[in-house]
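The next block is start_33.tsv, given as TSV, C-alpha atoms and all ligand atoms.
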```tsv
chain	number	residue	atom	x	y	z
A	27	MET	CA	-15.44	-34.77	-7.18
A	28	THR	CA	-16.92	-33.29	-4.01
A	29	ALA	CA	-19.20	-30.31	-4.48
A	30	PHE	CA	-17.56	-27.78	-2.19
A	31	ASP	CA	-19.79	-25.46	-0.24
A	32	PHE	CA	-17.87	-22.20	-0.07
A	33	SER	CA	-18.08	-19.81	2.85
A	34	ALA	CA	-20.15	-16.65	2.39
A	35	ARG	CA	-17.07	-14.79	3.64
A	36	VAL	CA	-14.94	-15.81	0.67
A	37	GLU	CA	-17.77	-15.60	-1.84
A	38	ARG	CA	-18.38	-11.93	-1.07
A	39	VAL	CA	-14.94	-10.78	-2.26
A	40	GLU	CA	-13.23	-10.58	-5.64
A	41	PRO	CA	-9.60	-11.53	-6.35
A	42	SER	CA	-7.07	-8.68	-5.99
A	43	ALA	CA	-7.49	-6.57	-9.16
A	44	THR	CA	-3.89	-5.35	-9.04
A	45	LEU	CA	-2.50	-8.86	-8.95
A	46	ALA	CA	-5.10	-10.21	-11.43
A	47	ILE	CA	-4.11	-7.66	-14.08
A	48	SER	CA	-0.44	-8.28	-13.52
A	49	ASN	CA	-1.12	-12.01	-13.98
A	50	ALA	CA	-3.02	-11.26	-17.21
A	51	ALA	CA	0.01	-9.29	-18.45
A	52	THR	CA	2.30	-12.22	-17.60
A	53	GLU	CA	0.03	-14.59	-19.55
A	54	LEU	CA	0.14	-12.36	-22.64
A	55	GLU	CA	3.92	-12.23	-22.31
A	56	ALA	CA	4.01	-16.02	-22.15
A	57	ASP	CA	2.28	-15.95	-25.57
A	58	GLY	CA	5.19	-13.90	-26.90
A	59	ILE	CA	3.47	-10.48	-26.69
A	60	ASP	CA	5.54	-7.54	-25.49
A	61	VAL	CA	3.44	-5.97	-22.71
A	62	VAL	CA	4.36	-2.70	-21.01
A	63	ASN	CA	3.30	-3.63	-17.50
A	64	LEU	CA	2.31	-0.49	-15.61
A	65	SER	CA	-0.19	-2.34	-13.45
A	66	VAL	CA	1.29	-3.79	-10.30
A	67	GLY	CA	2.96	-1.52	-7.74
A	68	GLU	CA	6.35	-3.16	-7.52
A	69	PRO	CA	9.70	-1.36	-7.57
A	70	ASP	CA	11.86	-2.65	-10.43
A	71	PHE	CA	15.16	-2.16	-8.55
A	72	PRO	CA	17.12	-5.02	-7.05
A	73	THR	CA	16.99	-5.31	-3.25
A	74	PRO	CA	20.04	-3.42	-1.89
A	75	GLU	CA	23.09	-5.71	-1.92
A	76	ASN	CA	23.86	-5.44	1.79
A	77	VAL	CA	20.29	-6.51	2.62
A	78	VAL	CA	20.57	-9.57	0.36
A	79	ARG	CA	23.91	-10.38	1.99
A	80	ALA	CA	22.41	-10.08	5.48
A	81	GLY	CA	19.65	-12.52	4.48
A	82	LYS	CA	22.16	-15.03	3.07
A	83	GLU	CA	24.44	-14.73	6.09
A	84	ALA	CA	21.51	-15.27	8.42
A	85	MET	CA	20.61	-18.42	6.51
A	86	ASP	CA	24.21	-19.65	6.59
A	87	ALA	CA	24.32	-18.96	10.32
A	88	GLY	CA	21.41	-21.34	10.78
A	89	ASN	CA	18.59	-18.86	11.28
A	90	THR	CA	16.17	-21.15	9.52
A	91	GLY	CA	13.80	-22.26	12.28
A	92	TYR	CA	10.70	-20.63	13.74
A	93	THR	CA	11.26	-17.37	15.58
A	94	SER	CA	9.19	-16.15	18.49
A	95	SER	CA	5.80	-15.54	16.97
A	96	ASN	CA	5.78	-11.74	17.06
A	97	GLY	CA	9.30	-11.43	15.62
A	98	ILE	CA	12.97	-11.44	16.59
A	99	PRO	CA	13.89	-8.93	19.32
A	100	GLU	CA	16.53	-7.21	17.11
A	101	LEU	CA	13.97	-6.41	14.43
A	102	LYS	CA	11.19	-5.39	16.82
A	103	GLY	CA	13.75	-3.13	18.53
A	104	ALA	CA	14.86	-1.59	15.22
A	105	ILE	CA	11.22	-1.00	14.27
A	106	ALA	CA	10.49	0.69	17.61
A	107	ASP	CA	13.59	2.91	17.13
A	108	LYS	CA	12.38	3.85	13.63
A	109	LEU	CA	8.92	4.72	14.91
A	110	ARG	CA	10.35	6.79	17.76
A	111	ALA	CA	12.41	8.71	15.20
A	112	ASP	CA	9.08	9.50	13.47
A	113	GLY	CA	7.72	10.91	16.74
A	114	VAL	CA	5.67	7.85	17.76
A	115	ALA	CA	5.94	6.71	21.40
A	116	ALA	CA	6.77	3.15	20.37
A	117	ASP	CA	7.69	0.07	22.37
A	118	ALA	CA	9.23	-3.08	20.85
A	119	ASP	CA	6.71	-5.22	22.76
A	120	ASP	CA	3.88	-3.48	20.89
A	121	VAL	CA	5.13	-4.65	17.48
A	122	ILE	CA	4.14	-7.73	15.48
A	123	VAL	CA	6.37	-8.59	12.51
A	124	THR	CA	4.37	-10.10	9.65
A	125	PRO	CA	4.99	-11.68	6.23
A	126	GLY	CA	4.20	-8.40	4.39
A	127	ALA	CA	2.16	-5.35	5.35
A	128	LYS	CA	-0.84	-7.04	3.74
A	129	GLN	CA	-0.82	-9.70	6.46
A	130	ALA	CA	-0.45	-6.96	9.10
A	131	LEU	CA	-3.56	-5.21	7.76
A	132	TYR	CA	-5.45	-8.48	7.54
A	133	GLU	CA	-4.67	-9.35	11.16
A	134	VAL	CA	-5.63	-5.90	12.44
A	135	VAL	CA	-8.96	-5.86	10.58
A	136	GLN	CA	-9.77	-9.40	11.74
A	137	THR	CA	-8.91	-8.44	15.31
A	138	LEU	CA	-11.04	-5.28	15.45
A	139	ILE	CA	-14.02	-5.89	13.17
A	140	ASP	CA	-17.11	-7.95	13.93
A	141	ASP	CA	-20.11	-8.56	11.70
A	142	GLY	CA	-21.86	-5.27	11.01
A	143	ASP	CA	-19.08	-3.01	12.37
A	144	GLU	CA	-18.57	0.12	10.29
A	145	VAL	CA	-15.21	0.84	8.65
A	146	VAL	CA	-14.67	4.11	6.76
A	147	LEU	CA	-12.36	4.21	3.73
A	148	LEU	CA	-11.06	7.21	1.82
A	149	ASP	CA	-11.69	6.63	-1.89
A	150	PRO	CA	-9.80	6.02	-4.09
A	151	ALA	CA	-8.51	3.31	-1.75
A	152	TRP	CA	-6.14	0.42	-2.31
A	153	VAL	CA	-8.06	-2.67	-3.46
A	154	SER	CA	-7.38	-4.94	-0.50
A	155	TYR	CA	-8.91	-2.73	2.24
A	156	GLU	CA	-12.44	-3.35	1.00
A	157	ALA	CA	-11.84	-7.08	0.65
A	158	MET	CA	-10.34	-7.34	4.13
A	159	VAL	CA	-13.30	-5.52	5.69
A	160	LYS	CA	-15.78	-7.73	3.83
A	161	LEU	CA	-13.90	-10.88	4.88
A	162	ALA	CA	-14.29	-9.73	8.49
A	163	GLY	CA	-18.03	-9.07	7.99
A	164	GLY	CA	-17.75	-5.30	8.38
A	165	ASP	CA	-19.83	-2.65	6.62
A	166	LEU	CA	-18.13	0.02	4.52
A	167	GLY	CA	-18.54	3.76	4.71
A	168	ARG	CA	-16.74	5.71	1.97
A	169	VAL	CA	-15.60	9.27	1.47
A	170	ASP	CA	-14.73	10.30	-2.08
A	171	LEU	CA	-11.56	12.37	-2.45
A	172	ALA	CA	-11.73	12.42	-6.26
A	173	PRO	CA	-13.60	15.76	-6.42
A	174	HIS	CA	-10.78	17.29	-4.31
A	175	ASP	CA	-7.82	16.28	-6.48
A	176	PHE	CA	-7.46	13.29	-4.12
A	177	GLN	CA	-6.55	15.51	-1.16
A	178	LEU	CA	-8.03	14.94	2.30
A	179	GLU	CA	-8.01	18.46	3.76
A	180	PRO	CA	-10.81	19.79	1.53
A	181	ALA	CA	-12.80	16.60	2.20
A	182	LEU	CA	-12.78	16.88	6.00
A	183	ASP	CA	-16.41	18.05	6.11
A	184	ALA	CA	-17.44	15.00	4.09
A	185	LEU	CA	-15.37	12.82	6.40
A	186	GLY	CA	-17.14	14.42	9.37
A	187	GLU	CA	-20.45	13.34	7.88
A	188	ALA	CA	-19.24	9.79	7.29
A	189	VAL	CA	-17.72	9.21	10.74
A	190	SER	CA	-20.06	8.78	13.70
A	191	ASP	CA	-20.21	7.04	17.08
A	192	ASP	CA	-21.13	3.91	15.11
A	193	THR	CA	-17.79	3.93	13.28
A	194	GLU	CA	-15.33	1.36	14.56
A	195	LEU	CA	-12.36	1.93	12.30
A	196	LEU	CA	-11.02	4.43	9.78
A	197	VAL	CA	-8.27	3.55	7.30
A	198	VAL	CA	-5.80	6.27	6.28
A	199	ASN	CA	-3.06	5.66	3.72
A	200	SER	CA	-0.62	8.50	3.13
A	201	PRO	CA	1.25	8.61	0.77
A	202	ALA	CA	-1.72	6.97	-0.88
A	203	ASN	CA	-2.14	4.08	-3.25
A	204	PRO	CA	-3.52	4.60	-5.94
A	205	THR	CA	-3.30	8.42	-6.07
A	206	GLY	CA	0.16	9.28	-4.74
A	207	ALA	CA	-1.45	11.97	-2.56
A	208	VAL	CA	0.37	12.88	0.65
A	209	PHE	CA	-2.09	14.20	3.23
A	210	SER	CA	-1.18	17.46	4.98
A	211	GLU	CA	-0.63	17.64	8.73
A	212	ALA	CA	-3.78	19.77	8.97
A	213	ALA	CA	-5.76	17.01	7.23
A	214	LEU	CA	-4.42	14.42	9.67
A	215	GLU	CA	-5.24	16.70	12.59
A	216	GLY	CA	-8.79	16.77	11.22
A	217	VAL	CA	-8.78	12.96	11.26
A	218	ARG	CA	-7.50	13.07	14.82
A	219	ASP	CA	-10.28	15.40	15.95
A	220	LEU	CA	-12.95	13.15	14.48
A	221	ALA	CA	-11.34	9.97	15.80
A	222	VAL	CA	-11.16	11.40	19.33
A	223	GLU	CA	-14.69	12.85	19.20
A	224	HIS	CA	-16.24	9.57	18.08
A	225	ASP	CA	-13.81	7.19	19.78
A	226	VAL	CA	-12.67	5.57	16.53
A	227	ALA	CA	-9.56	3.43	15.94
A	228	VAL	CA	-7.45	4.41	12.92
A	229	ILE	CA	-5.18	2.27	10.76
A	230	SER	CA	-2.36	4.41	9.37
A	231	ASP	CA	-0.89	2.50	6.42
A	232	GLU	CA	2.50	4.17	5.95
A	233	ILE	CA	4.06	1.72	3.48
A	234	TYR	CA	5.01	4.53	1.01
A	235	GLU	CA	6.23	6.91	3.71
A	236	GLN	CA	9.82	7.02	2.45
A	237	ILE	CA	8.79	7.62	-1.17
A	238	THR	CA	7.88	11.32	-1.25
A	239	TYR	CA	8.93	14.23	-3.44
A	240	GLY	CA	9.63	17.45	-1.55
A	241	VAL	CA	7.02	16.92	1.18
A	242	GLU	CA	7.38	15.38	4.63
A	243	PRO	CA	4.70	12.86	5.54
A	244	THR	CA	3.31	12.92	9.10
A	245	SER	CA	3.01	9.69	11.07
A	246	LEU	CA	-0.53	9.76	12.43
A	247	ALA	CA	0.34	8.17	15.79
A	248	SER	CA	2.74	11.07	16.47
A	249	LEU	CA	-0.17	13.52	16.77
A	250	ASP	CA	-1.48	14.41	20.23
A	251	GLY	CA	-4.35	12.12	21.15
A	252	MET	CA	-3.54	9.47	18.51
A	253	ALA	CA	-0.94	7.27	20.23
A	254	ASP	CA	-3.55	5.01	21.83
A	255	ARG	CA	-5.96	4.75	18.92
A	256	THR	CA	-3.62	4.38	15.92
A	257	ILE	CA	-2.39	1.13	14.46
A	258	THR	CA	0.70	2.01	12.43
A	259	VAL	CA	1.29	-0.39	9.53
A	260	ASN	CA	4.42	-0.45	7.44
A	261	GLY	CA	6.48	-2.85	5.35
A	262	PHE	CA	9.72	-3.40	3.49
A	263	SER	CA	8.33	-4.09	-0.01
A	264	LYS	CA	8.33	-0.57	-1.39
A	265	ALA	CA	11.09	1.43	0.33
A	266	TYR	CA	13.71	-1.32	0.07
A	267	SER	CA	12.42	-3.06	-3.05
A	268	MET	CA	11.73	-6.26	-1.11
A	269	THR	CA	8.29	-7.30	-2.43
A	270	GLY	CA	9.11	-11.02	-2.68
A	271	TRP	CA	10.77	-11.24	0.72
A	272	ARG	CA	7.37	-10.69	2.37
A	273	LEU	CA	8.12	-8.55	5.41
A	274	GLY	CA	5.99	-5.98	7.21
A	275	TYR	CA	4.77	-5.04	10.67
A	276	PHE	CA	2.29	-3.18	12.78
A	277	HIS	CA	2.53	-1.28	16.05
A	278	ALA	CA	-0.29	-0.48	18.44
A	279	THR	CA	-0.54	0.12	22.19
A	280	GLY	CA	-2.73	-1.62	24.79
A	281	ASP	CA	-3.98	-5.13	24.23
A	282	LEU	CA	-4.12	-5.05	20.45
A	283	VAL	CA	-0.87	-6.93	20.02
A	284	SER	CA	-1.85	-9.69	22.46
A	285	GLN	CA	-5.26	-10.10	20.80
A	286	ALA	CA	-3.92	-9.97	17.21
A	287	GLY	CA	-0.99	-12.15	18.32
A	288	LYS	CA	-3.44	-15.05	18.75
A	289	LEU	CA	-4.47	-14.78	15.09
A	290	HIS	CA	-0.82	-14.37	14.05
A	291	SER	CA	0.34	-17.45	15.97
A	292	HIS	CA	-2.52	-19.61	14.69
A	293	SER	CA	-2.04	-18.59	11.05
A	294	VAL	CA	1.48	-17.66	9.91
A	295	SER	CA	3.30	-18.63	13.18
A	296	CYS	CA	5.99	-16.04	12.44
A	297	ALA	CA	7.61	-14.14	9.58
A	298	THR	CA	10.49	-16.01	7.87
A	299	ASN	CA	13.47	-16.14	10.19
A	300	PHE	CA	16.37	-15.07	7.91
A	301	VAL	CA	14.14	-12.47	6.20
A	302	GLN	CA	13.69	-10.79	9.57
A	303	HIS	CA	17.50	-10.55	9.90
A	304	ALA	CA	17.65	-8.92	6.46
A	305	GLY	CA	14.99	-6.51	7.71
A	306	VAL	CA	17.28	-5.34	10.52
A	307	GLU	CA	19.92	-4.48	7.91
A	308	ALA	CA	17.33	-2.71	5.75
A	309	LEU	CA	16.27	-0.49	8.64
A	310	SER	CA	19.80	0.32	9.75
A	311	ASN	CA	21.93	0.63	6.65
A	312	THR	CA	20.18	1.61	3.43
A	313	GLU	CA	19.87	5.39	3.50
A	314	THR	CA	21.86	5.95	0.30
A	315	ALA	CA	20.14	3.16	-1.62
A	316	VAL	CA	16.68	4.45	-0.64
A	317	ASP	CA	17.63	8.02	-1.59
A	318	GLN	CA	18.76	6.80	-5.02
A	319	MET	CA	15.55	4.87	-5.63
A	320	VAL	CA	13.39	7.81	-4.55
A	321	GLU	CA	15.37	10.12	-6.88
A	322	ALA	CA	14.73	7.71	-9.75
A	323	PHE	CA	11.01	7.59	-8.91
A	324	ARG	CA	10.86	11.37	-8.86
A	325	ASP	CA	12.49	11.58	-12.32
A	326	ARG	CA	10.01	9.01	-13.62
A	327	ARG	CA	7.06	10.86	-12.12
A	328	ASP	CA	8.20	14.05	-13.83
A	329	LEU	CA	8.73	12.20	-17.10
A	330	VAL	CA	5.29	10.55	-17.03
A	331	LEU	CA	3.57	13.85	-16.22
A	332	ASP	CA	5.43	15.56	-19.11
A	333	LEU	CA	4.61	12.75	-21.55
A	334	LEU	CA	0.94	12.83	-20.54
A	335	ALA	CA	0.81	16.62	-20.79
A	336	ASP	CA	2.08	16.31	-24.39
A	337	HIS	CA	-1.15	14.41	-25.06
A	338	GLY	CA	-3.33	16.88	-23.16
A	339	VAL	CA	-3.75	14.61	-20.10
A	340	GLU	CA	-3.20	16.43	-16.80
A	341	PRO	CA	-3.74	14.32	-13.70
A	342	PRO	CA	-3.31	15.83	-10.22
A	343	GLU	CA	0.44	15.83	-9.46
A	344	PRO	CA	1.29	13.05	-6.98
A	345	ASP	CA	3.71	13.94	-4.15
A	346	GLY	CA	4.50	10.38	-3.16
A	347	ALA	CA	4.37	6.63	-3.90
A	348	PHE	CA	4.81	5.66	-7.58
A	349	TYR	CA	1.33	5.91	-9.04
A	350	VAL	CA	-0.58	8.36	-11.21
A	351	MET	CA	-4.35	8.30	-11.65
A	352	LEU	CA	-5.24	9.09	-15.26
A	353	PRO	CA	-8.63	10.53	-16.02
A	354	VAL	CA	-9.96	8.16	-18.73
A	355	ASP	CA	-13.38	7.19	-20.15
A	356	GLU	CA	-16.41	6.86	-17.92
A	357	ASP	CA	-16.17	3.11	-18.55
A	358	ASP	CA	-12.69	2.71	-17.10
A	359	ALA	CA	-12.90	-1.11	-17.20
A	360	ALA	CA	-13.43	-1.03	-20.98
A	361	TRP	CA	-10.61	1.54	-21.32
A	362	ALA	CA	-8.18	-0.66	-19.35
A	363	GLU	CA	-9.27	-3.73	-21.32
A	364	SER	CA	-8.54	-1.92	-24.57
A	365	ALA	CA	-5.22	-0.67	-23.15
A	366	ILE	CA	-4.04	-4.19	-22.40
A	367	GLN	CA	-5.58	-6.08	-25.33
A	368	ASP	CA	-5.01	-3.53	-28.12
A	369	ALA	CA	-2.11	-1.34	-26.94
A	370	HIS	CA	-0.54	-4.06	-24.78
A	371	VAL	CA	-0.19	-1.67	-21.86
A	372	ALA	CA	-1.33	-3.03	-18.48
A	373	THR	CA	-2.98	-0.51	-16.12
A	374	VAL	CA	-5.52	-0.95	-13.29
A	375	PRO	CA	-9.05	0.43	-13.83
A	376	GLY	CA	-9.98	3.08	-11.25
A	377	SER	CA	-13.21	1.27	-10.35
A	378	ALA	CA	-11.12	-1.33	-8.53
A	379	PHE	CA	-10.15	1.47	-6.13
A	380	GLY	CA	-13.59	3.09	-5.95
A	381	ALA	CA	-12.62	5.67	-8.59
A	382	PRO	CA	-14.62	5.12	-11.78
A	383	GLY	CA	-13.43	7.17	-14.74
A	384	TYR	CA	-9.74	6.75	-13.89
A	385	ALA	CA	-6.97	4.24	-14.53
A	386	ARG	CA	-3.91	3.78	-12.35
A	387	ILE	CA	-0.45	3.75	-13.87
A	388	SER	CA	2.45	2.50	-11.78
A	389	TYR	CA	5.62	4.31	-12.86
A	390	ALA	CA	7.86	1.80	-11.11
A	391	ALA	CA	9.22	0.96	-14.59
A	392	SER	CA	12.20	2.13	-16.64
A	393	GLU	CA	12.01	5.48	-18.47
A	394	GLU	CA	12.20	3.59	-21.77
A	395	ARG	CA	9.16	1.45	-20.89
A	396	LEU	CA	7.25	4.47	-19.62
A	397	ARG	CA	7.85	6.28	-22.93
A	398	GLU	CA	6.82	3.18	-24.84
A	399	GLY	CA	3.68	2.75	-22.73
A	400	VAL	CA	2.44	6.32	-23.14
A	401	GLU	CA	3.24	6.24	-26.87
A	402	ARG	CA	1.25	3.02	-27.36
A	403	LEU	CA	-1.76	4.41	-25.46
A	404	ALA	CA	-1.65	7.52	-27.67
A	405	GLU	CA	-1.26	5.49	-30.88
A	406	HIS	CA	-4.35	3.48	-29.99
A	407	GLY	CA	-6.40	6.61	-29.44
A	408	LEU	CA	-6.73	6.02	-25.70
A	409	PHE	CA	-6.09	9.69	-24.83
A	501	LIG	N1	-0.62	-1.19	1.69
A	501	LIG	C1	-0.62	-0.58	0.49
A	501	LIG	C2	-1.25	0.76	0.38
A	501	LIG	C3	-0.06	-1.21	-0.61
A	501	LIG	O1	-0.06	-0.60	-1.79
A	501	LIG	C4	0.49	-2.49	-0.47
A	501	LIG	C5	1.00	-3.12	-1.74
A	501	LIG	N2	1.39	-4.30	-1.80
A	501	LIG	C6	0.48	-3.08	0.80
A	501	LIG	C7	-0.09	-2.39	1.86
A	501	LIG	C8	1.01	-4.43	1.09
A	501	LIG	O2	2.36	-4.60	0.78
A	501	LIG	P1	3.20	-5.86	1.21
A	501	LIG	O3	2.25	-6.92	1.67
A	501	LIG	O4	3.97	-6.25	0.00
A	501	LIG	O5	4.08	-5.41	2.34
A	502	LIG	N1	0.12	-2.90	-3.61
A	502	LIG	C1	0.59	-3.11	-4.93
A	502	LIG	C2	-0.40	-2.58	-5.93
A	502	LIG	O1	-1.31	-1.89	-5.57
A	502	LIG	C3	0.98	-4.55	-5.14
A	502	LIG	C4	-0.13	-5.52	-5.43
A	502	LIG	C5	-1.05	-5.67	-4.27
A	502	LIG	O2	-0.61	-6.20	-3.26
A	502	LIG	O3	-2.17	-5.20	-4.41
A	502	LIG	O4	-0.25	-2.81	-7.10
```
Please express what this file holds, its structure, as structure tokens.
Amino acid sequence: MTAFDFSARVERVEPSATLAISNAATELEADGIDVVNLSVGEPDFPTPENVVRAGKEAMDAGNTGYTSSNGIPELKGAIADKLRADGVAADADDVIVTPGAKQALYEVVQTLIDDGDEVVLLDPAWVSYEAMVKLAGGDLGRVDLAPHDFQLEPALDALGEAVSDDTELLVVNSPANPTGAVFSEAALEGVRDLAVEHDVAVISDEIYEQITYGVEPTSLASLDGMADRTITVNGFSKAYSMTGWRLGYFHATGDLVSQAGKLHSHSVSCATNFVQHAGVEALSNTETAVDQMVEAFRDRRDLVLDLLADHGVEPPEPDGAFYVMLPVDEDDAAWAESAIQDAHVATVPGSAFGAPGYARISYAASEERLREGVERLAEHGLF
């Protein structure tokens, strides 16, 4: 057996905590244990029927070869139309279609970040941002939103201290994973002012943008001064319950697409051909299905908050996505370990997101399982 000499790049990151815990839950289930899996952020609804049909028809019609690397014109056009409807001055030629939003983020970070470049994250932040920055050799700056109920507006002064002329990139995710916070327009204008002042590029990860409850999210690139410095990232996994299809995209002006396109063409070549055709259907013909899923998520959010309140747990109310951050013990890793091993409820410890003392629950599960999960945590004295 050869002794492999691993790259420093790979050795400096950990596996994805969200996926690792979900795998651990699956292993317990394989041993016959009934686990309430509230760990991974994955809608439990089927993909809308018409989208599945469009994928099958595209396959039957022979759309099974490579596509042009950046994506099929119909999908890039539909994406540009969608972005324009959100107030972004979008052009289909400035879009790259990727196998999932994760790949879009990976390509953007690899394209912009050199060794030692500074990237600022808003904590709690989704687990993969940190890993992607480290893989690219970047240095992390962090602003903690936890003392502000996970909102950005009251943290703008702290953000102003973290962002400087040395900052290359800022990552904004609203609605946010893991908190469900939806940042106000005033907060995003604050981001804009800092980005313009210090000439910083901003990734706006808008993957949960359709999943909001009574608030309208703002697309960062639609703000004056942001069109040329925002990379808008989005995907089909959450809004259309298409996690396994692997489809996402990013849009940015200038040369970003031609530079990132090199990485895209040398790595994934293109997103799966027939999946891209299904994506066109998802963008054009799913309004009712999305509304129904969002309604169900809202009911589940309300249910989870009520059930937690019955046990004296009162997390900040999330306005979007399908996550709640529970305040737990200081040692959140031990809490989550006890939750999965003793109560058989899978959650993600807050430390994985830069939020020690919390655990993330994904309420993308049936009401029955949510009741069962909260009950088990209570029975095991975890509240
Ligand atoms: N961004 C955020 C904030 C996420 O939670 C996820 C979850 N998977 C992604 C991006 C990537 O999603 P996907 O690759 O499935 O499109
Ligand atoms: N984004 C989801 C989560 O946070 C899916 C898993 C992942 O890609 O991290 O659980």
Test item: residues no farther than 8 Å from ligand LIG 502 (chain A), counting all atoms listed in the file, as a count of residues only: 15
May I ask for the distance between atom CA of A:Gly261 and atom CA of A:Val217, given in Å to one decimal place? 22.8 Å
Which of these, A:Trp361, A:Phe262, A:Phe300, A:Tyr349, has the shortest distance to ligand LIG 501 (chain A) once you count all atoms listed in the file?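 Smallest distance to ligand LIG 501 (chain A) is found for A:Phe262.
Interatomic distance, atom CA of A:Thr238 to atom CA of A:Ala322: 11.5 Å.
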Residue with smallest distance to A:Glu235 - pool A:Ala335, A:Val135, A:Ala347, A:Ala151, counting all atoms listed in the file: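 Nearest candidate to A:Glu235 out of A:Ala335, A:Val135, A:Ala347, A:Ala151: A:Ala347.
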A:Leu138: which residues within 12 Å, counting all atoms listed in the file, same-chain residues fewer than 3 positions away excluded, as an MDAnalysis selection string? chainID A and resid 131:135 141:145 158:159 162:164 193:196 226:229 255 257 281:283 285:286 289
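Residue nearest A:Leu101, chosen from A:Arg272, A:His303, A:Lys264, A:His224 and counting all atoms listed in the file: A:His303.
Excluding stretch 186-191 of chain A itself and same-chain residues fewer than 6 positions from it, the residues having an atom within 12 Å of it are Asp143, Glu144, Val145, Val146, Leu147, Leu148, Leu166, Gly167, Arg168, Val169, Asp170, Leu178, Glu179, Pro180, Val197, Ala213, Gly216, Val217, Arg218, Asp219, Leu220, Ala221, Val222, Glu223, His224, Asp225, Val226, Ala227 and Val228 of chain A, counting all atoms listed in the file.
Minimum distance to ligand LIG 501 (chain A) across A:Ile233, A:Ile387, A:Leu408, A:Val294 (counting all atoms listed in the file) occurs at A:Ile233.
Proximity to ligand LIG 501 (chain A) was assessed for A:Ser48, A:Asn89, A:Thr269, A:Thr256 counting only C-alpha atoms and all ligand atoms; the smallest distance is recorded for A:Thr269.
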Do you know which residues are at most 12 Å from stretch 239-245 of chain A counting all atoms listed in the file, after dropping those on the same chain fewer than 4 positions away, and could you put them as number ranges by chain? A: 108-116, 198-202, 206-215, 218, 228-235, 249-250, 252-253, 256-260, 317, 319-328, 343-348
Using all atoms listed in the file, the shortest atom-to-atom distance to ligand LIG 501 (chain A) among A:Ile47, A:Met351, A:Ala130, A:Cys296 belongs to A:Ala130
Draw an axis-aligned box over all listed atoms of ligand LIG 501 (chain A), pad each side with 4 Å, and write its centre and edge lengths in Å, one decimal, as JSON.
```
{"center_x": 1.4, "center_y": -3.1, "center_z": 0.3, "size_x": 13.3, "size_y": 15.7, "size_z": 12.1}
```
Calculate how many Å separate atom CA of A:Val77 from atom CA of A:Gln236, rounding to one decimal.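 These two atoms are separated by 17.1 Å.
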